[in-house]
file input.txt (compact mmCIF, C-alpha atoms)
# COMPACT_ATOMS: atom_id res chain seq x y z
CA MET A 12 23.35 14.51 6.01
CA HIS A 13 23.38 12.07 8.92
CA GLU A 14 24.29 9.38 6.40
CA LEU A 15 27.96 9.89 7.33
CA SER A 16 27.06 8.89 10.91
CA ILE A 17 25.14 5.91 9.52
CA ALA A 18 28.16 4.91 7.39
CA ARG A 19 30.45 5.18 10.42
CA SER A 20 28.11 3.01 12.49
CA VAL A 21 28.16 0.36 9.76
CA ILE A 22 31.97 0.51 9.54
CA ASP A 23 32.36 0.24 13.35
CA SER A 24 30.03 -2.77 13.56
CA VAL A 25 31.66 -4.57 10.64
CA GLU A 26 35.21 -3.89 11.88
CA ARG A 27 34.27 -5.29 15.29
CA ILE A 28 33.02 -8.48 13.64
CA CYS A 29 36.23 -8.69 11.59
CA GLN A 30 38.31 -8.45 14.77
CA ASP A 31 36.29 -11.19 16.47
CA ASP A 32 36.40 -13.48 13.43
CA HIS A 33 40.02 -12.65 12.46
CA LEU A 34 39.06 -11.28 9.05
CA SER A 35 41.32 -8.77 7.36
CA LYS A 36 39.36 -7.33 4.46
CA VAL A 37 35.71 -6.74 3.66
CA LYS A 38 34.59 -7.19 0.08
CA GLU A 39 30.90 -6.39 0.25
CA VAL A 40 28.31 -5.16 2.76
CA THR A 41 24.57 -5.36 2.17
CA LEU A 42 22.16 -3.07 4.03
CA ASP A 43 18.36 -3.02 4.28
CA ILE A 44 17.12 0.58 4.34
CA GLY A 45 13.39 1.20 4.77
CA SER A 46 11.74 4.17 3.07
CA MET A 47 10.65 5.43 6.51
CA SER A 48 14.07 5.02 8.13
CA GLY A 49 15.00 8.59 7.27
CA VAL A 50 18.17 7.49 5.48
CA SER A 51 18.86 8.39 1.87
CA LYS A 52 20.48 5.71 -0.28
CA SER A 53 22.12 8.22 -2.62
CA ALA A 54 23.63 10.25 0.25
CA LEU A 55 24.91 7.04 1.85
CA MET A 56 26.46 5.86 -1.45
CA PHE A 57 28.01 9.30 -1.89
CA CYS A 58 29.84 9.34 1.44
CA TRP A 59 30.69 5.60 1.53
CA PRO A 60 34.06 5.69 -0.35
CA LEU A 61 35.30 8.54 1.85
CA ALA A 62 34.03 7.03 5.11
CA THR A 63 35.68 3.66 4.42
CA LYS A 64 39.13 5.09 3.58
CA GLN A 65 41.89 3.49 5.68
CA THR A 66 39.50 1.00 7.26
CA LEU A 67 39.05 -2.73 6.65
CA LEU A 68 36.17 -1.71 4.40
CA GLU A 69 38.26 0.36 1.98
CA GLU A 70 37.09 -0.39 -1.57
CA CYS A 71 34.32 -2.55 -0.17
CA GLN A 72 31.19 -2.58 -2.29
CA LEU A 73 28.07 -1.24 -0.62
CA VAL A 74 24.77 -2.84 -1.65
CA VAL A 75 21.61 -1.11 -0.42
CA ASN A 76 18.23 -2.88 -0.56
CA GLU A 77 15.53 -0.23 -0.41
CA ILE A 78 12.50 -1.57 1.46
CA PRO A 79 9.25 0.15 0.44
CA LEU A 80 6.62 1.12 2.97
CA THR A 81 4.02 -1.55 3.72
CA LEU A 82 1.05 -0.77 5.94
CA GLU A 83 -1.19 -3.35 7.55
CA CYS A 84 -4.80 -2.33 8.11
CA LEU A 85 -6.16 -3.37 11.50
CA THR A 86 -9.72 -2.81 10.25
CA CYS A 87 -9.88 -4.75 6.96
CA HIS A 88 -6.60 -6.66 7.46
CA GLN A 89 -5.31 -5.89 3.97
CA GLN A 90 -1.91 -4.51 3.08
CA SER A 91 -1.14 -1.21 1.34
CA SER A 92 2.08 0.09 -0.18
CA PRO A 93 1.49 3.83 -0.69
CA ASP A 94 4.10 5.72 -2.71
CA VAL A 95 3.71 8.71 -0.42
CA PHE A 96 3.65 8.22 3.33
CA VAL A 97 0.10 8.44 4.67
CA MET A 98 -1.22 6.42 7.58
CA CYS A 99 -4.31 5.38 5.64
CA CYS A 100 -5.47 2.04 4.23
CA GLU A 101 -5.70 2.17 0.42
CA HIS A 102 -8.56 -0.37 0.49
CA CYS A 103 -11.00 0.80 3.18
CA GLY A 104 -9.68 4.27 4.05
CA SER A 105 -9.15 3.44 7.72
CA SER A 106 -6.39 5.25 9.60
CA ASN A 107 -6.17 2.30 11.97
CA VAL A 108 -3.02 1.02 10.28
CA GLN A 109 0.44 0.04 11.40
CA VAL A 110 3.78 0.15 9.62
CA GLN A 111 4.73 -3.41 8.76
CA LYS A 112 7.79 -2.69 6.61
CA GLY A 113 9.71 0.47 5.87
CA ASN A 114 11.46 1.19 9.19
CA GLU A 115 14.39 -1.16 8.45
CA LEU A 116 17.88 0.12 9.13
CA LYS A 117 20.11 -2.92 9.33
CA ILE A 118 23.23 -4.65 8.09
CA LYS A 119 21.93 -7.73 6.32
CA ASN A 120 25.18 -9.48 5.52
CA MET A 121 28.84 -9.04 4.67
CA GLU A 122 31.47 -10.84 2.66
CA ALA A 123 34.96 -10.78 4.02
CA TYR A 124 38.20 -12.73 3.90
CA MET B 29 45.31 -27.02 -0.29
CA CYS B 30 41.89 -25.51 -0.20
CA GLN B 31 38.94 -27.54 1.03
CA ASP B 32 36.33 -24.91 0.32
CA CYS B 33 36.12 -24.79 -3.44
CA GLY B 34 38.24 -27.65 -4.70
CA CYS B 35 40.79 -25.33 -6.24
CA HIS B 36 43.58 -27.81 -5.60
CA GLU B 37 42.07 -30.36 -7.95
CA GLY B 38 44.03 -31.10 -11.08
CA GLY B 39 47.31 -31.12 -9.21
CA LYS B 40 47.72 -27.35 -9.15
CA ASP B 41 47.60 -25.27 -6.05
CA TYR B 42 45.66 -22.16 -6.85
CA PHE B 43 45.27 -21.25 -3.24
CA LYS B 44 47.74 -18.41 -3.46
CA ASP B 45 46.14 -17.01 -6.57
CA HIS B 46 42.69 -16.30 -5.28
CA GLU B 47 40.96 -15.35 -2.11
CA HIS B 48 38.26 -17.16 -0.22
CA HIS B 49 35.35 -15.05 0.92
CA LYS B 50 33.37 -15.69 3.98
CA SER B 51 29.73 -14.66 3.79
CA ILE B 52 28.28 -13.68 7.15
CA GLU B 53 24.55 -13.17 7.73
CA LEU B 54 24.18 -10.38 10.26
CA GLU B 55 20.63 -8.93 10.44
CA LYS B 56 22.17 -6.36 12.75
CA GLY B 57 20.71 -2.92 13.49
CA ILE B 58 22.91 -0.19 12.02
CA LEU B 59 22.26 2.08 15.00
CA GLU B 60 22.54 -0.76 17.51
CA HIS B 61 25.36 0.99 19.37
CA ASN B 62 23.41 4.26 19.68
CA ASP B 63 20.26 2.34 20.67
CA HIS B 64 22.22 0.48 23.36
CA ILE B 65 23.40 3.75 24.94
CA ALA B 66 19.89 5.23 24.59
CA HIS B 67 18.54 2.19 26.44
CA HIS B 68 20.95 2.85 29.33
CA ASN B 69 19.93 6.54 29.37
CA TRP B 70 16.26 5.53 29.42
CA HIS B 71 16.85 3.32 32.45
CA TYR B 72 18.75 6.08 34.26
CA PHE B 73 15.82 8.46 33.71
CA ASP B 74 13.28 5.81 34.67
CA ASP B 75 15.18 4.91 37.88
CA HIS B 76 15.42 8.60 38.82
CA LYS B 77 11.84 9.38 37.79
CA VAL B 78 12.86 12.12 35.37
CA GLU B 79 10.37 12.85 32.56
CA VAL B 80 12.44 13.45 29.43
CA PHE B 81 11.22 15.30 26.34
CA ASN B 82 13.09 15.45 23.03
CA LEU B 83 12.03 18.60 21.15
CA MET B 84 12.55 18.44 17.40
CA SER B 85 11.69 20.95 14.69
CA SER B 86 13.11 23.02 11.88
CA PRO B 87 15.38 25.95 12.80
CA GLY B 88 13.44 29.05 13.77
CA SER B 89 10.22 27.27 14.73
CA GLY B 90 10.31 28.80 18.19
CA LYS B 91 11.75 26.03 20.40
CA THR B 92 13.84 28.39 22.51
CA MET B 93 11.07 30.98 22.93
CA LEU B 94 8.67 28.21 24.00
CA LEU B 95 11.25 27.02 26.54
CA GLU B 96 11.90 30.54 27.87
CA LYS B 97 8.20 30.89 28.71
CA THR B 98 7.97 27.31 29.96
CA LEU B 99 10.79 27.88 32.46
CA GLN B 100 9.19 31.14 33.61
CA ILE B 101 5.86 29.36 34.24
CA LEU B 102 7.07 26.02 35.65
CA GLY B 103 10.49 26.87 37.07
CA SER B 104 9.20 27.66 40.55
CA GLN B 105 7.15 24.44 40.82
CA LYS B 106 9.39 21.88 39.13
CA LYS B 107 13.10 21.21 38.94
CA ILE B 108 13.80 21.50 35.24
CA SER B 109 17.01 21.00 33.29
CA VAL B 110 17.44 21.88 29.64
CA LEU B 111 20.08 20.58 27.23
CA VAL B 112 20.22 22.78 24.16
CA GLY B 113 21.74 21.44 20.95
CA ASP B 114 23.16 23.64 18.23
CA GLN B 115 26.05 23.25 15.80
CA GLN B 116 27.70 26.38 17.15
CA THR B 117 27.23 29.22 19.66
CA ASP B 118 25.76 29.20 23.16
CA ASN B 119 23.19 31.85 22.24
CA ASP B 120 20.24 29.65 23.19
CA ALA B 121 21.71 28.65 26.55
CA LYS B 122 22.31 32.34 27.29
CA ARG B 123 18.69 33.12 26.42
CA LEU B 124 17.43 30.42 28.79
CA GLU B 125 19.79 31.11 31.68
CA GLY B 126 18.13 32.54 34.76
CA LYS B 127 14.64 31.82 33.44
CA GLY B 128 13.87 29.05 35.95
CA GLY B 129 16.00 25.97 35.30
CA SER B 130 19.51 24.63 34.76
CA VAL B 131 20.73 25.00 31.21
CA LYS B 132 23.64 23.53 29.28
CA GLN B 133 24.58 24.03 25.64
CA ILE B 134 25.79 21.12 23.53
CA ASN B 135 27.66 22.13 20.37
CA THR B 136 27.84 19.43 17.72
CA TYR B 137 29.95 21.44 15.24
CA SER B 138 29.64 19.40 12.03
CA SER B 139 26.92 17.01 13.19
CA CYS B 140 23.28 17.66 12.30
CA HIS B 141 21.68 15.81 15.23
CA LEU B 142 22.18 14.84 18.86
CA ASP B 143 22.97 11.20 19.60
CA ALA B 144 22.63 9.09 22.74
CA SER B 145 26.31 9.33 23.72
CA MET B 146 26.04 13.14 23.97
CA ILE B 147 23.29 12.72 26.57
CA GLU B 148 25.11 9.88 28.34
CA LYS B 149 28.11 12.19 28.96
CA GLU B 150 25.86 14.47 31.00
CA LEU B 151 24.49 11.75 33.31
CA GLY B 152 25.74 12.25 36.86
CA HIS B 153 27.26 15.59 35.83
CA PHE B 154 24.89 18.21 34.40
CA ILE B 155 21.98 15.78 34.79
CA THR B 156 21.96 15.00 38.49
CA GLY B 157 18.95 12.68 38.56
CA ASP B 158 16.90 14.83 40.92
CA GLU B 159 15.20 16.73 38.09
CA ASP B 160 11.46 16.42 37.60
CA ILE B 161 11.76 17.29 33.92
CA LEU B 162 14.61 17.18 31.41
CA ILE B 163 14.00 18.92 28.10
CA ILE B 164 16.39 18.23 25.24
CA GLU B 165 16.22 20.86 22.52
CA ASN B 166 17.53 18.97 19.51
CA ILE B 167 19.36 20.55 16.57
CA GLY B 168 16.96 22.48 14.33
CA ASN B 169 16.50 19.94 11.55
CA LEU B 170 13.42 18.00 10.42
CA VAL B 171 15.29 14.97 9.08
CA CYS B 172 18.30 13.66 11.00
CA PRO B 173 17.22 13.94 14.69
CA ALA B 174 14.34 11.54 13.99
CA SER B 175 16.75 8.63 13.41
CA PHE B 176 18.63 8.84 16.72
CA GLU B 177 17.09 7.63 19.98
CA LEU B 178 18.41 9.56 22.98
CA GLY B 179 16.71 7.58 25.74
CA GLU B 180 13.86 10.05 26.01
CA LYS B 181 10.34 9.04 26.99
CA HIS B 182 8.56 11.62 24.83
CA LYS B 183 9.25 12.86 21.32
CA VAL B 184 7.74 16.27 20.61
CA ALA B 185 7.65 17.91 17.18
CA LEU B 186 7.20 21.67 16.86
CA LEU B 187 5.61 23.25 13.82
CA SER B 188 5.35 27.01 13.50
CA THR B 189 2.47 28.61 11.66
CA ALA B 190 4.88 30.47 9.35
CA GLU B 191 6.19 27.16 7.98
CA GLY B 192 2.99 26.34 6.11
CA GLU B 193 0.50 23.52 6.48
CA ASP B 194 2.29 20.69 4.71
CA LYS B 195 5.56 20.30 6.63
CA PRO B 196 4.33 17.04 8.23
CA ASN B 197 3.73 15.58 4.75
CA LYS B 198 7.09 16.77 3.49
CA TYR B 199 9.00 15.39 6.50
CA PRO B 200 6.82 12.46 7.59
CA VAL B 201 9.41 10.42 9.52
CA LEU B 202 9.86 12.97 12.29
CA PHE B 203 6.17 13.85 12.56
CA HIS B 204 5.22 10.16 12.54
CA LYS B 205 7.49 9.43 15.50
CA ALA B 206 6.34 12.34 17.68
CA SER B 207 3.64 11.63 20.25
CA VAL B 208 2.84 15.35 20.49
CA VAL B 209 2.93 18.08 17.85
CA VAL B 210 3.10 21.61 19.23
CA ILE B 211 1.95 24.30 16.84
CA THR B 212 3.86 27.46 17.72
CA LYS B 213 3.47 31.16 16.86
CA SER B 214 -0.34 30.97 16.72
CA ASP B 215 -0.35 34.76 17.26
CA LEU B 216 0.77 35.07 13.61
CA ILE B 217 -2.34 33.31 12.23
CA PRO B 218 -4.26 36.55 11.44
CA HIS B 219 -1.31 37.74 9.34
CA LEU B 220 -0.81 34.52 7.39
CA ASP B 221 -2.63 32.59 4.71
CA TRP B 222 -2.56 29.54 6.97
CA ASP B 223 -5.32 27.11 7.88
CA LEU B 224 -5.25 25.42 11.31
CA GLU B 225 -7.78 22.69 10.41
CA LYS B 226 -5.88 21.81 7.23
CA THR B 227 -2.64 21.58 9.24
CA LYS B 228 -4.32 19.32 11.79
CA ARG B 229 -5.63 17.07 9.00
CA ASN B 230 -2.12 16.85 7.52
CA ILE B 231 -0.65 15.88 10.89
CA LYS B 232 -3.34 13.21 11.36
CA MET B 233 -2.58 11.76 7.90
CA ILE B 234 0.98 11.09 9.05
CA ASN B 235 0.29 10.37 12.70
CA PRO B 236 -3.38 9.63 13.51
CA ASN B 237 -2.71 9.35 17.26
CA ALA B 238 -0.69 12.55 17.66
CA ARG B 239 -1.86 15.00 20.26
CA ILE B 240 -1.85 18.56 18.90
CA ILE B 241 -1.28 21.55 21.19
CA VAL B 242 -1.71 25.03 19.68
CA THR B 243 0.47 27.64 21.40
CA SER B 244 1.79 31.14 21.27
CA ALA B 245 4.69 31.74 23.64
CA LYS B 246 4.24 35.45 22.92
CA THR B 247 0.59 35.78 23.98
CA GLY B 248 0.46 32.78 26.31
CA VAL B 249 -2.19 30.90 24.32
CA GLY B 250 -1.97 27.15 24.96
CA MET B 251 0.89 27.51 27.46
CA ASN B 252 -1.14 25.99 30.30
CA GLU B 253 -2.01 22.97 28.20
CA TRP B 254 1.64 22.61 27.16
CA CYS B 255 2.89 22.92 30.76
CA ASP B 256 0.26 20.43 32.00
CA TYR B 257 1.49 18.03 29.34
CA LEU B 258 5.11 18.48 30.52
CA CYS B 259 3.96 17.76 34.08
CA GLN B 260 2.04 14.77 32.68
CA LYS B 261 -1.07 15.98 34.49
CA ASP B 262 -3.55 14.75 31.94
CA SER B 263 -1.94 11.67 30.47
call {"tool": "encode", "arguments": {"input": "input.txt", "output": "structure tokens"}}
result
Amino acid sequence: MHELSIARSVIDSVERICQDDHLSKVKEVTLDIGSMSGVSKSALMFCWPLATKQTLLEECQLVVNEIPLTLECLTCHQQSSPDVFVMCCEHCGSSNVQVQKGNELKIKNMEAY
Amino acid sequence: MCQDCGCHEGGKDYFKDHEHHKSIELEKGILEHNDHIAHHNWHYFDDHKVEVFNLMSSPGSGKTMLLEKTLQILGSQKKISVLVGDQQTDNDAKRLEGKGGSVKQINTYSSCHLDASMIEKELGHFITGDEDILIIENIGNLVCPASFELGEKHKVALLSTAEGEDKPNKYPVLFHKASVVVITKSDLIPHLDWDLEKTKRNIKMINPNARIIVTSAKTGVGMNEWCDYLCQKDS
């Protein structure tokens, strides 16, 4: 359950931006969370209301875009999106692949006033 | 009067009755703050030529036993410091004390992982910079420690034979990030329905480039290879 730490990191970053931009309330925050980031959307959604209490993000809506894993094959140069994580090209079977998408762990945007 | 949405049009001032949102594109790393501290730690270790290893595994995989034997073997040749992470107790630090290195316990209480700031606090204090090797024994957990950079140069995953062959497939993030997977408790193999080759194949499915070292801290199997790796003799 490191999602509480993740939520706190988001809150800290967003509050810092609010201070710099003289914003007093955050309405919505959108995150990109890759399937290989090790962060669970449901655990994050669960702790979000509690973590944001008495912050500028209280009652702020959290939107989480889940980014599926995409592998790029360095042998046949095709892309795979396996449901289960395996470092293996679905097309040619090569293990000479790299993670193209799925490691994301970022704040995409926020709406504040 | 509001110039953003034309709400003043029609002679009425609606400005007080609604709020104007500002949408800000950020594309900002959630763990940017932790990564920033980890980056500073990395530079400290690089400047002081300290090889730093972050040991991650499930609880009970044999991290502390492996370190006990490691300190006994390498302690007289290398200056080694060990930071041991646990939610509570200093049991592990007590086990490692006097074995051949400096040891400090970090208690995280409610937290399930170590983060970069916990290591930063020790720089210039417990970590003096004249170590050859710093080993960080992370909290026993196969999920959370994988997300937090500490500033280490090497991520090591431990997998004990008693845990079964498919742990890497069940917890791929951690095993994917490790450059070395140490299989521990190999002395138990004769007593278990456990297949080394199958385990190796599973690790390679998740991390084709991982180096695999098979050890038993109890019998000493693989300990030379493990210690050579810590001394970076063959890399």
call {"tool": "interface_residues", "arguments": {"input": "input.txt", "of": "chain A", "to": "chain B", "cutoff": "9 Å", "atoms": "all atoms listed in the file", "output": "ChimeraX atom specification"}}
result
/A:12-14,16-18,20-21,24,34,37-38,42-43,47-50,95-99,106-107,115-124
call {"tool": "residues_around", "arguments": {"input": "input.txt", "residues": "Ile101 in chain B", "least_positions_apart": "6", "cutoff": "9 Å", "atoms": "only C-alpha atoms", "output": "mmCIF file with C-alpha atoms, in the coordinates of the input"}}
result
data_model
loop_
_atom_site.group_PDB
_atom_site.id
_atom_site.type_symbol
_atom_site.label_atom_id
_atom_site.label_comp_id
_atom_site.auth_asym_id
_atom_site.auth_seq_id
_atom_site.Cartn_x
_atom_site.Cartn_y
_atom_site.Cartn_z
ATOM 1 C CA GLY B 128 13.870 29.050 35.950
ATOM 2 C CA MET B 251 0.890 27.510 27.460
ATOM 3 C CA ASN B 252 -1.140 25.990 30.300
ATOM 4 C CA CYS B 255 2.890 22.920 30.760
#
call {"tool": "residues_near_point", "arguments": {"input": "input.txt", "point": "(19.1, 7.2, 35.8)", "cutoff": "12 Å", "atoms": "all atoms listed in the file", "output": "list in words"}}
result
Ala66, His67, His68, Asn69, Trp70, His71, Tyr72, Phe73, Asp74, Asp75, His76, Lys77, Val78, Glu79, Val80, Ile147, Glu148, Glu150, Leu151, Gly152, His153, Ile155, Thr156, Gly157, Asp158, Glu159, Leu162, Gly179 and Glu180 of chain B
call {"tool": "atom_distance", "arguments": {"input": "input.txt", "atom1": "CA of Cys71 in chain A", "atom2": "CA of Glu26 in chain A"}}
result
12.2 Å
call {"tool": "atom_distance", "arguments": {"input": "input.txt", "atom1": "CA of Leu170 in chain B", "atom2": "CA of Met84 in chain B"}}
result
7.0 Å
call {"tool": "residues_around", "arguments": {"input": "input.txt", "residues": "Leu73 in chain A", "least_positions_apart": "6", "cutoff": "9 Å", "atoms": "only C-alpha atoms", "output": "PyMOL selection string"}}
result
chain A and resi 38-42+56+59
call {"tool": "write_last_selection", "arguments": {"input": "input.txt", "atoms": "C-alpha atoms", "output": "mmCIF file, in the frame of the given file"}}
result
data_model
loop_
_atom_site.group_PDB
_atom_site.id
_atom_site.type_symbol
_atom_site.label_atom_id
_atom_site.label_comp_id
_atom_site.auth_asym_id
_atom_site.auth_seq_id
_atom_site.Cartn_x
_atom_site.Cartn_y
_atom_site.Cartn_z
ATOM 1 C CA LYS A 38 34.590 -7.190 0.080
ATOM 2 C CA GLU A 39 30.900 -6.390 0.250
ATOM 3 C CA VAL A 40 28.310 -5.160 2.760
ATOM 4 C CA THR A 41 24.570 -5.360 2.170
ATOM 5 C CA LEU A 42 22.160 -3.070 4.030
ATOM 6 C CA MET A 56 26.460 5.860 -1.450
ATOM 7 C CA TRP A 59 30.690 5.600 1.530
#
call {"tool": "closest_residue", "arguments": {"input": "input.txt", "among": "A:Lys112, A:Lys36, A:Lys52, A:Lys64", "to": "Arg19 in chain A", "atoms": "all atoms listed in the file"}}
result
A:Lys64
call {"tool": "build_atoms", "arguments": {"input": "input.txt", "residues": "range 91-112 of chain B", "atoms": "N, CA and C atoms", "output": "PDB file, in the frame of the given file"}}
result
ATOM      1  N   LYS B  91      11.472  26.952  19.281  1.00  0.00           N
ATOM      2  CA  LYS B  91      11.750  26.030  20.400  1.00  0.00           C
ATOM      3  C   LYS B  91      12.243  26.815  21.616  1.00  0.00           C
ATOM      4  N   THR B  92      13.206  27.702  21.392  1.00  0.00           N
ATOM      5  CA  THR B  92      13.840  28.390  22.510  1.00  0.00           C
ATOM      6  C   THR B  92      12.865  29.363  23.184  1.00  0.00           C
ATOM      7  N   MET B  93      12.086  30.059  22.382  1.00  0.00           N
ATOM      8  CA  MET B  93      11.070  30.980  22.930  1.00  0.00           C
ATOM      9  C   MET B  93      10.048  30.208  23.769  1.00  0.00           C
ATOM     10  N   LEU B  94       9.621  29.049  23.253  1.00  0.00           N
ATOM     11  CA  LEU B  94       8.670  28.210  24.000  1.00  0.00           C
ATOM     12  C   LEU B  94       9.293  27.798  25.343  1.00  0.00           C
ATOM     13  N   LEU B  95      10.577  27.454  25.309  1.00  0.00           N
ATOM     14  CA  LEU B  95      11.250  27.020  26.540  1.00  0.00           C
ATOM     15  C   LEU B  95      11.462  28.182  27.512  1.00  0.00           C
ATOM     16  N   GLU B  96      11.759  29.365  26.991  1.00  0.00           N
ATOM     17  CA  GLU B  96      11.900  30.540  27.870  1.00  0.00           C
ATOM     18  C   GLU B  96      10.631  30.711  28.707  1.00  0.00           C
ATOM     19  N   LYS B  97       9.487  30.693  28.020  1.00  0.00           N
ATOM     20  CA  LYS B  97       8.200  30.890  28.710  1.00  0.00           C
ATOM     21  C   LYS B  97       7.876  29.708  29.615  1.00  0.00           C
ATOM     22  N   THR B  98       8.234  28.516  29.167  1.00  0.00           N
ATOM     23  CA  THR B  98       7.970  27.310  29.960  1.00  0.00           C
ATOM     24  C   THR B  98       8.713  27.385  31.297  1.00  0.00           C
ATOM     25  N   LEU B  99       9.992  27.784  31.235  1.00  0.00           N
ATOM     26  CA  LEU B  99      10.790  27.880  32.460  1.00  0.00           C
ATOM     27  C   LEU B  99      10.219  28.961  33.384  1.00  0.00           C
ATOM     28  N   GLN B 100       9.757  30.053  32.786  1.00  0.00           N
ATOM     29  CA  GLN B 100       9.190  31.140  33.610  1.00  0.00           C
ATOM     30  C   GLN B 100       7.917  30.666  34.326  1.00  0.00           C
ATOM     31  N   ILE B 101       7.127  29.828  33.640  1.00  0.00           N
ATOM     32  CA  ILE B 101       5.860  29.360  34.240  1.00  0.00           C
ATOM     33  C   ILE B 101       6.110  28.237  35.243  1.00  0.00           C
ATOM     34  N   LEU B 102       6.944  27.241  34.841  1.00  0.00           N
ATOM     35  CA  LEU B 102       7.070  26.020  35.650  1.00  0.00           C
ATOM     36  C   LEU B 102       8.267  26.007  36.589  1.00  0.00           C
ATOM     37  N   GLY B 103       9.215  26.905  36.348  1.00  0.00           N
ATOM     38  CA  GLY B 103      10.490  26.870  37.070  1.00  0.00           C
ATOM     39  C   GLY B 103      10.373  26.899  38.583  1.00  0.00           C
ATOM     40  N   SER B 104       9.324  27.573  39.097  1.00  0.00           N
ATOM     41  CA  SER B 104       9.200  27.660  40.550  1.00  0.00           C
ATOM     42  C   SER B 104       8.529  26.422  41.149  1.00  0.00           C
ATOM     43  N   GLN B 105       7.845  25.630  40.292  1.00  0.00           N
ATOM     44  CA  GLN B 105       7.150  24.440  40.820  1.00  0.00           C
ATOM     45  C   GLN B 105       7.924  23.153  40.582  1.00  0.00           C
ATOM     46  N   LYS B 106       8.721  23.118  39.527  1.00  0.00           N
ATOM     47  CA  LYS B 106       9.390  21.880  39.130  1.00  0.00           C
ATOM     48  C   LYS B 106      10.873  22.127  38.943  1.00  0.00           C
ATOM     49  N   LYS B 107      11.669  21.090  39.221  1.00  0.00           N
ATOM     50  CA  LYS B 107      13.100  21.210  38.940  1.00  0.00           C
ATOM     51  C   LYS B 107      13.307  20.772  37.480  1.00  0.00           C
ATOM     52  N   ILE B 108      13.691  21.745  36.684  1.00  0.00           N
ATOM     53  CA  ILE B 108      13.800  21.500  35.240  1.00  0.00           C
ATOM     54  C   ILE B 108      15.232  21.717  34.767  1.00  0.00           C
ATOM     55  N   SER B 109      15.726  20.793  33.967  1.00  0.00           N
ATOM     56  CA  SER B 109      17.010  21.000  33.290  1.00  0.00           C
ATOM     57  C   SER B 109      16.780  20.984  31.787  1.00  0.00           C
ATOM     58  N   VAL B 110      17.573  21.791  31.104  1.00  0.00           N
ATOM     59  CA  VAL B 110      17.440  21.880  29.640  1.00  0.00           C
ATOM     60  C   VAL B 110      18.808  21.676  29.001  1.00  0.00           C
ATOM     61  N   LEU B 111      18.886  20.731  28.069  1.00  0.00           N
ATOM     62  CA  LEU B 111      20.080  20.580  27.230  1.00  0.00           C
ATOM     63  C   LEU B 111      19.739  21.152  25.862  1.00  0.00           C
ATOM     64  N   VAL B 112      20.527  22.113  25.427  1.00  0.00           N
ATOM     65  CA  VAL B 112      20.220  22.780  24.160  1.00  0.00           C
ATOM     66  C   VAL B 112      21.274  22.402  23.123  1.00  0.00           C
TER      67      VAL B 112
END
